[in-house]
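Containing mmCIF, C-alpha atoms: my_file.cif.
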data_structure
loop_
_atom_site.group_PDB
_atom_site.id
_atom_site.type_symbol
_atom_site.label_atom_id
_atom_site.label_comp_id
_atom_site.auth_asym_id
_atom_site.auth_seq_id
_atom_site.Cartn_x
_atom_site.Cartn_y
_atom_site.Cartn_z
ATOM 1 C CA MET Y 1 0.000 0.000 0.000
ATOM 2 C CA ASP Y 2 1.239 3.480 -0.881
ATOM 3 C CA VAL Y 3 2.111 5.917 1.920
ATOM 4 C CA ARG Y 4 -0.534 8.312 0.566
ATOM 5 C CA ASP Y 5 -3.202 5.618 0.924
ATOM 6 C CA GLU Y 6 -2.050 4.790 4.455
ATOM 7 C CA LEU Y 7 -2.320 8.466 5.453
ATOM 8 C CA MET Y 8 -6.079 8.299 5.041
ATOM 9 C CA GLU Y 9 -6.328 5.515 7.624
ATOM 10 C CA HIS Y 10 -4.899 7.871 10.262
ATOM 11 C CA VAL Y 11 -7.161 10.867 9.616
ATOM 12 C CA PRO Y 12 -9.734 9.935 12.311
ATOM 13 C CA ARG Y 13 -6.989 9.654 14.950
ATOM 14 C CA LEU Y 14 -5.414 12.923 13.863
ATOM 15 C CA ARG Y 15 -8.793 14.674 14.046
ATOM 16 C CA ARG Y 16 -9.578 13.245 17.470
ATOM 17 C CA TYR Y 17 -6.203 14.302 18.873
ATOM 18 C CA ALA Y 18 -6.363 17.756 17.274
ATOM 19 C CA ARG Y 19 -9.865 18.380 18.638
ATOM 20 C CA ALA Y 20 -8.839 17.333 22.130
ATOM 21 C CA LEU Y 21 -5.672 19.412 21.910
ATOM 22 C CA ILE Y 22 -7.232 22.614 20.594
ATOM 23 C CA ASN Y 23 -10.853 22.419 21.783
ATOM 24 C CA ASN Y 24 -12.087 24.217 18.674
ATOM 25 C CA ARG Y 25 -13.490 22.073 15.868
ATOM 26 C CA ASP Y 26 -12.633 24.455 13.020
ATOM 27 C CA LEU Y 27 -9.084 25.132 14.198
ATOM 28 C CA ALA Y 28 -8.564 21.420 14.845
ATOM 29 C CA ASP Y 29 -9.701 20.558 11.329
ATOM 30 C CA ASP Y 30 -7.331 23.206 9.977
ATOM 31 C CA LEU Y 31 -4.503 21.634 11.973
ATOM 32 C CA VAL Y 32 -5.285 18.211 10.508
ATOM 33 C CA GLN Y 33 -5.397 19.674 7.007
ATOM 34 C CA ASP Y 34 -2.068 21.461 7.514
ATOM 35 C CA THR Y 35 -0.573 18.243 8.894
ATOM 36 C CA LEU Y 36 -1.754 16.179 5.938
ATOM 37 C CA GLU Y 37 -0.608 18.818 3.489
ATOM 38 C CA ARG Y 38 2.866 18.818 5.019
ATOM 39 C CA ALA Y 39 2.950 14.998 5.151
ATOM 40 C CA LEU Y 40 1.885 14.669 1.509
ATOM 41 C CA GLY Y 41 4.534 17.160 0.473
ATOM 42 C CA ARG Y 42 7.183 15.211 2.334
ATOM 43 C CA THR Y 43 6.254 11.570 1.672
ATOM 44 C CA GLY Y 44 9.766 11.040 0.340
ATOM 45 C CA MET Y 45 11.085 11.743 3.840
ATOM 46 C CA PHE Y 46 9.052 8.927 5.383
ATOM 47 C CA GLN Y 47 11.169 5.842 5.983
ATOM 48 C CA PRO Y 48 9.286 2.670 4.983
ATOM 49 C CA GLY Y 49 9.136 0.177 7.821
ATOM 50 C CA THR Y 50 8.822 2.861 10.499
ATOM 51 C CA ASP Y 51 5.633 3.872 12.287
ATOM 52 C CA LEU Y 52 3.568 6.130 10.012
ATOM 53 C CA ARG Y 53 1.287 7.133 12.891
ATOM 54 C CA ALA Y 54 4.218 8.382 14.977
ATOM 55 C CA TRP Y 55 5.561 10.263 11.929
ATOM 56 C CA LEU Y 56 2.185 11.966 11.395
ATOM 57 C CA PHE Y 57 1.878 12.926 15.057
ATOM 58 C CA THR Y 58 5.394 14.352 14.944
ATOM 59 C CA ILE Y 59 4.376 16.497 11.988
ATOM 60 C CA MET Y 60 1.166 17.555 13.767
ATOM 61 C CA HIS Y 61 3.096 18.451 16.913
ATOM 62 C CA ASN Y 62 5.531 20.587 14.925
ATOM 63 C CA VAL Y 63 2.771 22.316 12.934
ATOM 64 C CA PHE Y 64 0.843 23.013 16.149
ATOM 65 C CA ALA Y 65 3.929 24.369 17.928
ATOM 66 C CA ASN Y 66 4.712 26.659 14.987
ATOM 67 C CA GLN Y 67 1.127 27.910 14.852
ATOM 68 C CA ALA Y 68 1.069 28.524 18.610
ATOM 69 C CA ARG Y 69 4.307 30.528 18.423
ATOM 70 C CA LYS Y 70 2.978 32.635 15.562
ATOM 71 C CA ALA Y 71 -0.375 33.188 17.280
ATOM 72 C CA SER Y 72 1.189 34.320 20.529
ATOM 73 C CA ALA Y 73 3.422 36.747 18.669
ATOM 74 C CA ARG Y 74 0.485 38.460 16.961
ATOM 75 C CA ALA Y 75 -2.145 38.024 19.695
ATOM 76 C CA VAL Y 76 -4.205 41.049 20.634
ATOM 77 C CA HIS Y 77 -5.043 41.511 24.281
ATOM 78 C CA LEU Y 78 -8.737 41.974 24.924
ATOM 79 C CA SER Y 79 -9.858 42.981 28.365
ATOM 80 C CA VAL Y 80 -12.995 41.226 29.535
ATOM 81 C CA ASP Y 81 -13.762 44.372 31.541
ATOM 82 C CA ASP Y 82 -14.081 46.411 28.342
ATOM 83 C CA ASP Y 83 -17.648 47.783 28.334
ATOM 84 C CA SER Y 84 -17.552 48.453 24.596
ATOM 85 C CA ILE Y 85 -17.695 44.708 23.911
ATOM 86 C CA ALA Y 86 -20.987 42.905 24.349
ATOM 87 C CA GLU Y 87 -20.777 40.007 26.785
ATOM 88 C CA SER Y 88 -22.371 37.733 24.189
ATOM 89 C CA GLU Y 89 -19.298 38.189 21.967
ATOM 90 C CA LEU Y 90 -17.148 36.588 24.666
ATOM 91 C CA ALA Y 91 -19.494 33.667 25.259
ATOM 92 C CA VAL Y 92 -18.610 30.228 23.963
ATOM 93 C CA SER Y 93 -21.472 28.126 22.674
ATOM 94 C CA SER Y 94 -21.681 24.592 24.009
ATOM 95 C CA GLU Y 95 -23.120 21.438 22.525
ATOM 96 C CA GLN Y 96 -26.234 20.494 24.451
ATOM 97 C CA THR Y 97 -25.777 16.778 23.871
ATOM 98 C CA ARG Y 98 -22.368 16.643 25.541
ATOM 99 C CA SER Y 99 -22.475 14.920 28.899
ATOM 100 C CA LEU Y 100 -21.447 16.833 32.000
ATOM 101 C CA GLU Y 101 -18.652 14.405 32.730
ATOM 102 C CA MET Y 102 -17.141 14.857 29.270
ATOM 103 C CA ARG Y 103 -17.433 18.617 29.658
ATOM 104 C CA ASP Y 104 -15.625 18.470 32.974
ATOM 105 C CA LEU Y 105 -12.915 16.232 31.541
ATOM 106 C CA ASP Y 106 -12.441 18.529 28.584
ATOM 107 C CA TYR Y 107 -12.289 21.524 30.942
ATOM 108 C CA ALA Y 108 -9.682 19.773 33.070
ATOM 109 C CA LEU Y 109 -7.625 18.745 30.032
ATOM 110 C CA GLN Y 110 -7.532 22.334 28.829
ATOM 111 C CA ARG Y 111 -6.169 23.393 32.228
ATOM 112 C CA LEU Y 112 -3.158 21.105 31.911
ATOM 113 C CA PRO Y 113 0.082 22.676 30.735
ATOM 114 C CA MET Y 114 0.500 22.021 26.995
ATOM 115 C CA GLU Y 115 3.454 19.653 27.515
ATOM 116 C CA GLN Y 116 1.439 17.481 29.900
ATOM 117 C CA ARG Y 117 -1.738 17.645 27.802
ATOM 118 C CA GLU Y 118 0.073 16.440 24.682
ATOM 119 C CA VAL Y 119 1.503 13.414 26.468
ATOM 120 C CA VAL Y 120 -1.740 12.566 28.312
ATOM 121 C CA LEU Y 121 -3.701 12.702 25.049
ATOM 122 C CA LEU Y 122 -1.199 10.713 23.004
ATOM 123 C CA VAL Y 123 -0.905 7.961 25.628
ATOM 124 C CA GLY Y 124 -4.468 7.963 26.943
ATOM 125 C CA LEU Y 125 -6.541 8.881 23.914
ATOM 126 C CA GLU Y 126 -4.375 7.691 21.043
ATOM 127 C CA GLU Y 127 -2.968 4.704 22.973
ATOM 128 C CA MET Y 128 0.546 5.374 21.721
ATOM 129 C CA SER Y 129 3.470 3.715 23.449
ATOM 130 C CA TYR Y 130 5.849 5.819 25.517
ATOM 131 C CA THR Y 131 8.503 5.231 22.864
ATOM 132 C CA ASP Y 132 6.246 6.447 20.063
ATOM 133 C CA VAL Y 133 5.267 9.519 22.077
ATOM 134 C CA ALA Y 134 8.928 10.272 22.780
ATOM 135 C CA LEU Y 135 9.673 10.026 19.068
ATOM 136 C CA ALA Y 136 6.642 12.079 18.037
ATOM 137 C CA LEU Y 137 7.423 14.903 20.475
ATOM 138 C CA ASN Y 138 11.202 14.589 20.160
ATOM 139 C CA ILE Y 139 11.723 14.233 23.912
ATOM 140 C CA PRO Y 140 13.382 11.531 26.063
ATOM 141 C CA ILE Y 141 11.203 8.642 27.227
ATOM 142 C CA GLY Y 142 11.849 9.637 30.854
ATOM 143 C CA THR Y 143 10.364 13.047 30.110
ATOM 144 C CA VAL Y 144 7.301 11.336 28.625
ATOM 145 C CA MET Y 145 6.840 9.299 31.806
ATOM 146 C CA SER Y 146 7.382 12.325 34.034
ATOM 147 C CA ARG Y 147 4.950 14.530 32.104
ATOM 148 C CA LEU Y 148 2.398 11.737 32.000
ATOM 149 C CA SER Y 149 2.637 11.173 35.740
ATOM 150 C CA ARG Y 150 2.337 14.875 36.562
ATOM 151 C CA GLY Y 151 -0.428 15.316 33.993
ATOM 152 C CA ARG Y 152 -2.475 12.425 35.340
ATOM 153 C CA GLU Y 153 -2.050 13.672 38.916
ATOM 154 C CA ARG Y 154 -3.117 17.167 37.963
ATOM 155 C CA LEU Y 155 -6.034 15.828 35.891
ATOM 156 C CA ARG Y 156 -7.256 13.733 38.833
ATOM 157 C CA ALA Y 157 -7.040 16.745 41.123
ATOM 158 C CA LEU Y 158 -8.884 18.974 38.667
ATOM 159 C CA MET Y 159 -11.624 16.392 38.219
ATOM 160 C CA ALA Y 160 -11.948 15.995 41.988
ATOM 161 C CA GLY Y 161 -11.971 19.744 42.527
ATOM 162 C CA THR Y 162 -8.832 19.730 44.663
ATOM 163 C CA ARG Y 163 -5.441 21.314 44.240
ATOM 164 C CA PRO Y 164 -2.793 19.153 42.525
ATOM 165 C CA GLY Y 165 -0.543 17.605 45.148
ATOM 166 C CA ALA Y 166 -3.030 18.246 47.958
ATOM 167 C CA LYS Y 167 -3.489 15.352 50.345
ATOM 168 C CA LEU Y 168 -7.022 14.049 50.621
ATOM 169 C CA GLN Y 169 -8.211 14.048 54.198
ATOM 170 C CA VAL Y 170 -9.701 10.838 55.530
ATOM 171 C CA VAL Y 171 -12.735 11.427 57.772
ATOM 172 C CA ARG Y 172 -13.301 8.785 60.454
#
Can the structure in the file be given as structure tokens, please?
Amino acid sequence: MDVRDELMEHVPRLRRYARALINNRDLADDLVQDTLERALGRTGMFQPGTDLRAWLFTIMHNVFANQARKASARAVHLSVDDDSIAESELAVSSEQTRSLEMRDLDYALQRLPMEQREVVLLVGLEEMSYTDVALALNIPIGTVMSRLSRGRERLRALMAGTRPGAKLQVVR
């Protein structure tokens, strides 16, 4: 099977990861499109016999990092106390069919530092091995394990409504 044909098999995973990473359907779809465009333009760089999924996630990570750097450089600060802006313009619409638990999980995931969120999503959502995550993000495997551990701890605390690292008190 041609690399181009295999790329299509990974589109659902790329979309799922991008949507969890960005939390904006349109921007996530743009990220997937940019990732596929870059991958298609560089199919000659893919080494047959290696993991295509890890290669695609590496490309997505790099595209996302570049976009985030560019966005922060040109970001405009908007004060939420500005009376000239209608409050409805700052509101984010929500999908009514989404369960409360999923909303809370998504909220907690978005509160994780980007480095932890990437690792938690790649291991937990995409079921990638630590080695594949390390390759995709170009970080040591020990860093993957450390970020995953801290990310899971923080996620648990956010879901429980406690501070990360806070000891739970046992009532007798």
Original post:
What separation in Å, quoted to one decimal, exists between CA of Ile59 in chain Y and CA of Ala39 in chain Y?
Top reply: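 Calculated distance between CA of Ile59 in chain Y and CA of Ala39 in chain Y is 7.1 Å.
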Subject >> For Phe64 in chain Y, the nearest of the candidates Y:Thr43, Y:Thr35, Y:Thr143, Y:Ser149, counting all atoms listed in the file >> reply: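 The closest residue to Phe64 in chain Y is Y:Thr35.
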Subject >> Pick from Y:Met128, Y:Ile22, Y:Val120, Y:Leu14 nearest to Leu155 in chain Y, counting only C-alpha atoms >> reply: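 The shortest atom-to-atom distance to Leu155 in chain Y comes from Y:Val120.
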Original post:
For the atom pair CA of Asn66 in chain Y and CA of Gly49 in chain Y, what is the interatomic distance in Å to one decimal place?
Top reply: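 Spanning CA of Asn66 in chain Y to CA of Gly49 in chain Y is a straight-line distance of 27.8 Å.
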Original post:
Between CA of Ala65 in chain Y and CA of Ile141 in chain Y, what is the spacing in Å?
Top reply: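 That distance, rounded to one decimal, is 19.7 Å.
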Original post:
So, counting only C-alpha atoms, which residue among Y:Val3, Y:Leu31, Y:Ile139, Y:Met102 is closest to Glu115 in chain Y?
Top reply: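 When distances to Glu115 in chain Y are compared using only C-alpha atoms, the smallest one comes from Y:Ile139.
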**OP:** Just the residues within 12 Å of Pro113 in chain Y, please, counting all atoms listed in the file, with nothing from its chain fewer than 5 positions along; format it as a list in words.
**Re:**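 Skipping anything fewer than 5 positions along the chain leaves Leu21, Ala108, Glu118, Val119, Val120, Arg147, Leu148, Arg150, Gly151, Arg152, Arg154 and Leu155 of chain Y.
The environment of Asp104 in chain Y within 10 Å, counting all atoms listed in the file and disregarding residues fewer than 5 places along the same chain, consists of Ser99, Leu109, Gln110, Leu158 and Met159 of chain Y.
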Original post:
Written as a ChimeraX atom specification, which residues does the PyMOL selection byres ((chain Y and resi 53) around 10) give for the file shown?
Top reply: /Y:6-7,9-11,13-14,50-52,54-59,126,128,132,136
